[in-house]
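**Q** First, the structure itself, so that you have it in front of you.
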Amino acid sequence: HVVSVASLLPPAACTASKAAASNSSALNVVHRHGPCSPLQARGTPPPHAELLNDDQARVHSIHRKIAAAASPVSDRARGAKGVTLPAQRGISLGTGNYVVSVGLGTPARGMTVVFDTGSDLSWVQCTPCSDCYEQKDPLFDPARSSTYSAVPCAAPECQGLDSRSCSPDRKCRYEVVYGDQSQTDGALARDTLTLTPSDTLPGFVFGCGERDTGLFGRADGLVGLGREKVSLSSQAASKYGAGFSYCLPSSSSAAGYLSLGGPAPANARFTAMETRRDTPSFYYVGLVGVKVAGRTVRVSPVVFAAAGTVIDSGTVITRLPPRAYAALRSKFARSMGRYGYKRAPALSILDTCYDFTGHTTVRIPSVALVFAGGAAVGLDFSGVLYVAKVAQACLAFAANGDGADVGILGNTQQKTLAVVYDVANNKIGFGANGCS
């Protein structure tokens, strides 16, 4: 990659135009902290170190959830005195997420919600609310929607929840506790979800949050795209087909898309979508290698396969097994050394950083991820470096603390790729130049 130093940082103003997608259900995707976000009407984005520290918290919660699911119940569900404790059911949301705007109810009320492939149940804050965080829009009022209805306790949608209870009038109550101790609980409900003016999803099941606390920013709620039956993608499958795709823009000043169903781009390269019975909600892929400047980094595929890899829309920085990251870092640093760039201090979890002060253009070795079946996916420049400032641009990968921890394909590496979740055929695809 050869890029202008002036283009390393996103413009201060939103430059987004509607990204192209394959069908009419497509939603605009923007970064929650960028100038295109409805949530950024006031305030400034968090410092990069804070975002990356929050990202590490999300990674830890993913690792804890997977480890707990693989352990005997007696090991993970009992406290020091033998008291049974509720298991953590959600992962830490972090703050590196992307948001979409949808409508809920009849007439439709506009809502700005985080979308997350690591979560299943969608929810918004509702009135009356006994304990809600501050959000951008007024709370959703079920009484003002002619299509709202509560889900009975006996309904399959209620019975399928991880954590549920019944109200005295036999209506379903839900609770989700996230890994950062954020939580939402309230009534499980149905209402019409409006994706675009011409696309609606009647009877959409979601959580009407009445007690919501934690690090949700000013978002009105969350849309879950996990693999369980209650997720948006699963509920929409009968109308749009089993699957979805998205493209995350190259910068926080641009827009991508989220699309339910629809055909994959012609240039998509696919690998198998792997499943684990102990964590059925996550999307696993078989990452087997990495290339730098067109040459394969010398790491055995066994190193990647030992723990597996989850693809996640909410994790910012891709995590690799320690041996794989060390080999990638070494090869990348050697290439950068040949170009003569000055090293810069580390930034939180990112330890391989460069100072481009005084340069008008920079040259960066290409990086590609290699998946089971032979699919090699080249990363955009924005997927190789995390640029905090011109004087601190860092290799956008980090090592897991242990070789047994699952690898995570984060959203930085997914930028500008059309990422296709073909659930019907159990495969995941990546198409170059999905958005800009």
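By convention here, the chains of the structure tokens are called A, B, ... in the order presented, each chain's residues are numbered starting at 1, and ligands are numbered starting at 1 in the order presented.
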For Arg173 (chain A), list every protein, DNA or RNA residue within 7 Å, evaluated using only C-alpha atoms, and leave out those in the same chain fewer than 4 positions away; present the list as a PDB file with N, CA, C and O atoms, in the first residue's frame.
**A**
```pdb
ATOM      1  N   ARG A 164     -34.790 -16.187  31.988  1.00  0.00           N
ATOM      2  CA  ARG A 164     -36.161 -15.706  31.853  1.00  0.00           C
ATOM      3  C   ARG A 164     -36.902 -15.904  33.167  1.00  0.00           C
ATOM      4  O   ARG A 164     -36.498 -16.687  34.033  1.00  0.00           O
ATOM      5  N   SER A 165     -37.998 -15.177  33.292  1.00  0.00           N
ATOM      6  CA  SER A 165     -38.887 -15.338  34.438  1.00  0.00           C
ATOM      7  C   SER A 165     -40.288 -14.963  33.979  1.00  0.00           C
ATOM      8  O   SER A 165     -40.478 -14.509  32.842  1.00  0.00           O
ATOM      9  N   CYS A 166     -41.258 -15.162  34.864  1.00  0.00           N
ATOM     10  CA  CYS A 166     -42.651 -14.857  34.523  1.00  0.00           C
ATOM     11  C   CYS A 166     -43.184 -13.777  35.448  1.00  0.00           C
ATOM     12  O   CYS A 166     -42.960 -13.817  36.663  1.00  0.00           O
ATOM     13  N   SER A 167     -43.915 -12.841  34.880  1.00  0.00           N
ATOM     14  CA  SER A 167     -44.606 -11.839  35.681  1.00  0.00           C
ATOM     15  C   SER A 167     -45.874 -12.462  36.261  1.00  0.00           C
ATOM     16  O   SER A 167     -46.297 -13.540  35.820  1.00  0.00           O
ATOM     17  N   GLY A 186     -36.242  -6.635  31.368  1.00  0.00           N
ATOM     18  CA  GLY A 186     -37.549  -6.042  31.117  1.00  0.00           C
ATOM     19  C   GLY A 186     -38.495  -7.062  30.529  1.00  0.00           C
ATOM     20  O   GLY A 186     -38.385  -8.268  30.776  1.00  0.00           O
ATOM     21  N   ALA A 187     -39.421  -6.590  29.708  1.00  0.00           N
ATOM     22  CA  ALA A 187     -40.456  -7.444  29.124  1.00  0.00           C
ATOM     23  C   ALA A 187     -40.052  -7.906  27.733  1.00  0.00           C
ATOM     24  O   ALA A 187     -39.557  -7.104  26.925  1.00  0.00           O
ATOM     25  N   LEU A 188     -40.252  -9.188  27.444  1.00  0.00           N
ATOM     26  CA  LEU A 188     -40.064  -9.674  26.078  1.00  0.00           C
ATOM     27  C   LEU A 188     -41.321  -9.330  25.291  1.00  0.00           C
ATOM     28  O   LEU A 188     -42.446  -9.566  25.755  1.00  0.00           O
TER      29      LEU A 188
END
```
**Q** Could you check the closest approach to Ser231 (chain A) for each of A:Ser149, A:Ile62, A:Leu161, A:Gly410 and tell me which residue wins, using only C-alpha atoms?
**A**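 Smallest distance to Ser231 (chain A) is found for A:Leu161.
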**Q** Gly217 (chain A): which residues within 10 Å, counting only C-alpha atoms, same-chain residues fewer than 2 positions away excluded, as JSON, numbers by chain?
**A** {"A": [32, 33, 39, 94, 95, 114, 133, 134, 135, 136, 214, 215, 219, 220, 221]}
**Q** Excluding region 415-421 of chain A and its own-chain neighbours fewer than 6 positions away, which residues fall within 7 Å of it when counting only C-alpha atoms? Please give them as a ChimeraX atom specification.
**A** /A:243-250,264,380,382-383,427-436
**Q** A:Leu409, A:Gly358, A:Phe332, A:Arg58: which is nearest Gly308 (chain A), counting only C-alpha atoms?
**A**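 Between A:Leu409, A:Gly358, A:Phe332, A:Arg58, the residue approaching Gly308 (chain A) most closely is A:Leu409.
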**Q** With only C-alpha atoms as the atoms that count, which of A:Gly407, A:Gly179, A:Pro168, A:Pro138 lies nearest to Pro152 (chain A)?
**A**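 The answer is A:Pro168, which sits nearest to Pro152 (chain A).
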**Q** Please, what distance in Å, to one decimal, runs between CA of Ser313 (chain A) and CA of Val205 (chain A)?
**A**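 For CA of Ser313 (chain A) relative to CA of Val205 (chain A), the distance reads 21.8 Å.
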**Q** Which of these residues is nearest to Tyr148 (chain A), using only C-alpha atoms: A:Thr44, A:Thr106, A:Gln181, A:Ser259?
**A** A:Thr106
**Q** Using the chain letters and numbers from this document, which residues of region 99-313 of chain A does DSSP assign to strand (DSSP E or B), as a PyMOL selection string?
**A** chain A and resi 99-104+109-116+123-126+131+140+149-150+152+164-166+171-177+183-196+199-213+221-224+244-248+256-260+269-274+283-285+287-292+295-296+309-311
**Q** Identify, on the basis of only C-alpha atoms, every residue whose closest approach to Asp137 (chain A) does not exceed 10 Å; exclude the query and any residue fewer than 6 positions from it along the same chain; express the result as an MDAnalysis selection string.
**A** chainID A and resid 38:39 109:112 125 218:220
**Q** With C-alpha atoms kept, could you save the residues just selected as a compact mmCIF listing (two decimals), in the first residue's frame?
**A**
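So the final result, stored in selection_38.txt, reads:
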```
# COMPACT_ATOMS: atom_id res chain seq x y z
CA PRO A 38 -26.43 10.31 15.31
CA LEU A 39 -24.90 9.65 18.74
CA ARG A 109 -40.23 5.45 16.04
CA GLY A 110 -36.65 6.06 14.90
CA MET A 111 -33.98 4.32 17.01
CA THR A 112 -30.16 4.27 16.78
CA GLN A 125 -35.06 1.05 26.44
CA ARG A 218 -26.10 7.03 24.18
CA ALA A 219 -27.37 4.24 21.88
CA ASP A 220 -31.09 3.46 22.14
```
